[in-house]
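Working notes for the structure below.
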Amino acid sequence: MHGPLNLNVNIYRSIEVPHYSALINRNTGGRCDVSPIFEHPDAFSALVRDLLAPIVNSEVTAVAAIDALGFVLGTALAHQLTVPLVLIRKGGKLPTAIDRESFVDYSGAEKVLEIKNGSIRSGARILVVDEWIETGAQAQAAAALIERQGGQVIGICAINIDDRPATRGLASRYHCWSAVSNTK
C-alpha cells in the first residue's frame with residue numbers, strides 16, 4: 001500500500017520536458033496533434049513516467065480515461081499502476097445503463113460524457129486522464145460523473161493543461177498537473 005498523496009488543491013503544476021514536447025504538432029489549425037509522441041516509444045515512456053511522478057506514493061485505485069486519446073494515456077497509466085481502467089465515453093457510445101454529464105467544450109459546442117453505471121466503486125480513489133485540457137469543462141464533467149458514483153477524484157493529469165482562468169478554477173478544486181506547458 002502506498003502513502004497518501006498530498007492534495008494541495010491550489011497547486012497547478014507543469015513539468016517542462018522538451019524531449020516529447022518537441023514532437024507535438026501545434027500547427028494543425030486549432031488543435032494540437034499529440035499522436036507523434038505515441039509513435040516514439042522512448043518519448044511515450046518518458047511521458048508516462050512524468051505523468052505518474054506526482055502520484056508515485058498515492059493510493060490510486062483506478063484510472064478514469066476520457067475518450068478518445070485519453071484512452072491511450074489511461075491504459076498506459078493504469079498498467080503501470082496495476083489498477084483498473086474506467087472509460088469515460090463521448091455521448092451515445094455506450095449500449096448499457098449509463099450516467100451522463102453535459103458540458104460546453106473549448107469550441108463552444110454542447111457535448112456529453114457518459115460512464116457505465118457501477119463503473120466506480122464507492123470510495124474509489126480515481127486519477128482522471130485526458131490528452132489535452134483547454135478549458136477544463138470536459139475534465140470537470142468527468143469528475144462529476146465519478147463523484148456521482150461515489151468515487152473521489154485524487155488528481156487530473158494531461159499532456160497539457162492550458163493556463164486559463166477556467167483551468168485555474170479546475171485546479172482550485174482538484175490536484176492537476178501536466179507534462180508540458182502551453183499558456184493561452
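Going through the C-alpha cells in order, the chains are called A, B, and so on, while each chain numbers its residues from 1 and the ligands are numbered from 1 in the order shown.
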Running DSSP on the backbone, which parts of stretch 5-156 of chain A land in strand (DSSP E or B), as a PyMOL selection string? chain A and resi 12-14+25+33+62-66+85-90+98-104+110-116+125-133+152-156
Polymer residues at most 10 Å from stretch 93-104 of chain A, only C-alpha atoms, same-chain spacing of 5 or more positions, as a PyMOL selection string: chain A and resi 88+109-119+135-146+148-149
For atom CA of A:Trp177 and atom CA of A:Tyr106, the interatomic separation in Å (one decimal):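 Going from atom CA of A:Trp177 over to atom CA of A:Tyr106, I get 18.8 Å.
Distances here use only C-alpha atoms; by that measure, the residue among A:His19, A:Arg26, A:His79, A:Arg164 closest to A:Ala46 is A:His19.
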Please, which residues of stretch 41-129 of chain A, numbered as in this document, come out alpha helix (DSSP H) from DSSP, as an MDAnalysis selection string? chainID A and resid 41:52 69:81
Kindly save the residues from that selection, with N, CA and C atoms included, as a compact mmCIF listing (two decimals), in the first residue's frame.
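And here is the file that came out, result-v7.txt:
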```txt
# COMPACT_ATOMS: atom_id res chain seq x y z
N PRO A 41 8.45 5.27 -28.99
CA PRO A 41 8.36 4.56 -27.71
C PRO A 41 9.13 5.22 -26.57
N ASP A 42 10.32 5.75 -26.84
CA ASP A 42 11.09 6.39 -25.76
C ASP A 42 10.38 7.64 -25.26
N ALA A 43 9.83 8.42 -26.18
CA ALA A 43 9.11 9.64 -25.78
C ALA A 43 7.84 9.28 -25.02
N PHE A 44 7.11 8.27 -25.49
CA PHE A 44 5.88 7.86 -24.81
C PHE A 44 6.19 7.33 -23.41
N SER A 45 7.23 6.54 -23.28
CA SER A 45 7.63 6.03 -21.96
C SER A 45 7.99 7.17 -21.02
N ALA A 46 8.71 8.16 -21.52
CA ALA A 46 9.08 9.31 -20.69
C ALA A 46 7.83 10.10 -20.28
N LEU A 47 6.89 10.26 -21.20
CA LEU A 47 5.64 10.96 -20.89
C LEU A 47 4.88 10.23 -19.79
N VAL A 48 4.72 8.93 -19.91
CA VAL A 48 4.01 8.15 -18.90
C VAL A 48 4.71 8.28 -17.55
N ARG A 49 6.03 8.15 -17.54
CA ARG A 49 6.80 8.30 -16.30
C ARG A 49 6.55 9.67 -15.67
N ASP A 50 6.57 10.72 -16.48
CA ASP A 50 6.39 12.07 -15.94
C ASP A 50 4.97 12.31 -15.45
N LEU A 51 3.98 11.75 -16.14
CA LEU A 51 2.60 11.91 -15.67
C LEU A 51 2.38 11.17 -14.35
N LEU A 52 3.10 10.08 -14.14
CA LEU A 52 2.95 9.31 -12.90
C LEU A 52 3.77 9.88 -11.74
N LEU A 69 -8.23 10.11 -27.02
CA LEU A 69 -6.80 9.94 -26.79
C LEU A 69 -6.45 9.77 -25.32
N GLY A 70 -7.36 10.15 -24.44
CA GLY A 70 -7.16 9.85 -23.02
C GLY A 70 -7.10 8.35 -22.79
N PHE A 71 -7.74 7.57 -23.68
CA PHE A 71 -7.70 6.11 -23.55
C PHE A 71 -6.27 5.58 -23.71
N VAL A 72 -5.52 6.18 -24.64
CA VAL A 72 -4.13 5.74 -24.87
C VAL A 72 -3.32 5.98 -23.60
N LEU A 73 -3.40 7.19 -23.08
CA LEU A 73 -2.65 7.53 -21.86
C LEU A 73 -3.16 6.75 -20.66
N GLY A 74 -4.47 6.68 -20.52
CA GLY A 74 -5.06 6.00 -19.37
C GLY A 74 -4.69 4.53 -19.30
N THR A 75 -4.65 3.87 -20.46
CA THR A 75 -4.26 2.47 -20.49
C THR A 75 -2.83 2.30 -19.98
N ALA A 76 -1.93 3.15 -20.44
CA ALA A 76 -0.53 3.06 -20.00
C ALA A 76 -0.40 3.36 -18.51
N LEU A 77 -1.10 4.39 -18.03
CA LEU A 77 -1.01 4.75 -16.61
C LEU A 77 -1.60 3.64 -15.73
N ALA A 78 -2.77 3.12 -16.10
CA ALA A 78 -3.39 2.05 -15.31
C ALA A 78 -2.50 0.81 -15.29
N HIS A 79 -1.89 0.50 -16.42
CA HIS A 79 -0.99 -0.65 -16.49
C HIS A 79 0.19 -0.46 -15.54
N GLN A 80 0.80 0.71 -15.58
CA GLN A 80 1.95 0.97 -14.70
C GLN A 80 1.56 0.93 -13.22
N LEU A 81 0.37 1.41 -12.91
CA LEU A 81 -0.10 1.43 -11.51
C LEU A 81 -0.73 0.09 -11.10
```
Closest pair table for stretch 113-142 of chain A residues within 6 Å of stretch 153-158 of chain A, only C-alpha atoms, as a Markdown table:
```
| residue | atom | partner | partner_atom | distance |
| --- | --- | --- | --- | --- |
| A:Arg125 | CA | A:Ile154 | CA | 6.0 |
| A:Ile126 | CA | A:Val153 | CA | 4.8 |
| A:Leu127 | CA | A:Gly155 | CA | 5.0 |
| A:Val128 | CA | A:Ile156 | CA | 4.7 |
| A:Val129 | CA | A:Cys157 | CA | 5.0 |
| A:Asp130 | CA | A:Ala158 | CA | 5.0 |
| A:Glu131 | CA | A:Ala158 | CA | 4.9 |
| A:Trp132 | CA | A:Ala158 | CA | 5.5 |
```
I need the residues from that last selection saved to file as a PDB file, in the first residue's frame (with C-alpha atoms), if you can.
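Below is the file that was written, out02.pdb:
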```pdb
ATOM      1  CA  ARG A 125      -9.563   6.968  -5.440  1.00  0.00           C
ATOM      2  CA  ILE A 126      -9.547   7.958  -9.107  1.00  0.00           C
ATOM      3  CA  LEU A 127      -6.897   9.539 -11.322  1.00  0.00           C
ATOM      4  CA  VAL A 128      -8.544  11.254 -14.325  1.00  0.00           C
ATOM      5  CA  VAL A 129      -6.501  11.474 -17.521  1.00  0.00           C
ATOM      6  CA  ASP A 130      -7.061  13.257 -20.830  1.00  0.00           C
ATOM      7  CA  GLU A 131      -4.620  14.182 -23.569  1.00  0.00           C
ATOM      8  CA  TRP A 132      -5.173  17.970 -23.594  1.00  0.00           C
TER       9      TRP A 132
END
```
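Here atom CA of A:Ser122 is placed at a distance of 28.0 Å from atom CA of A:Ile161.
With distances taken over only C-alpha atoms, A:Glu134 is the one residue among A:Glu134, A:Gly108, A:Val86, A:Pro36 lying closest to A:Ser181.
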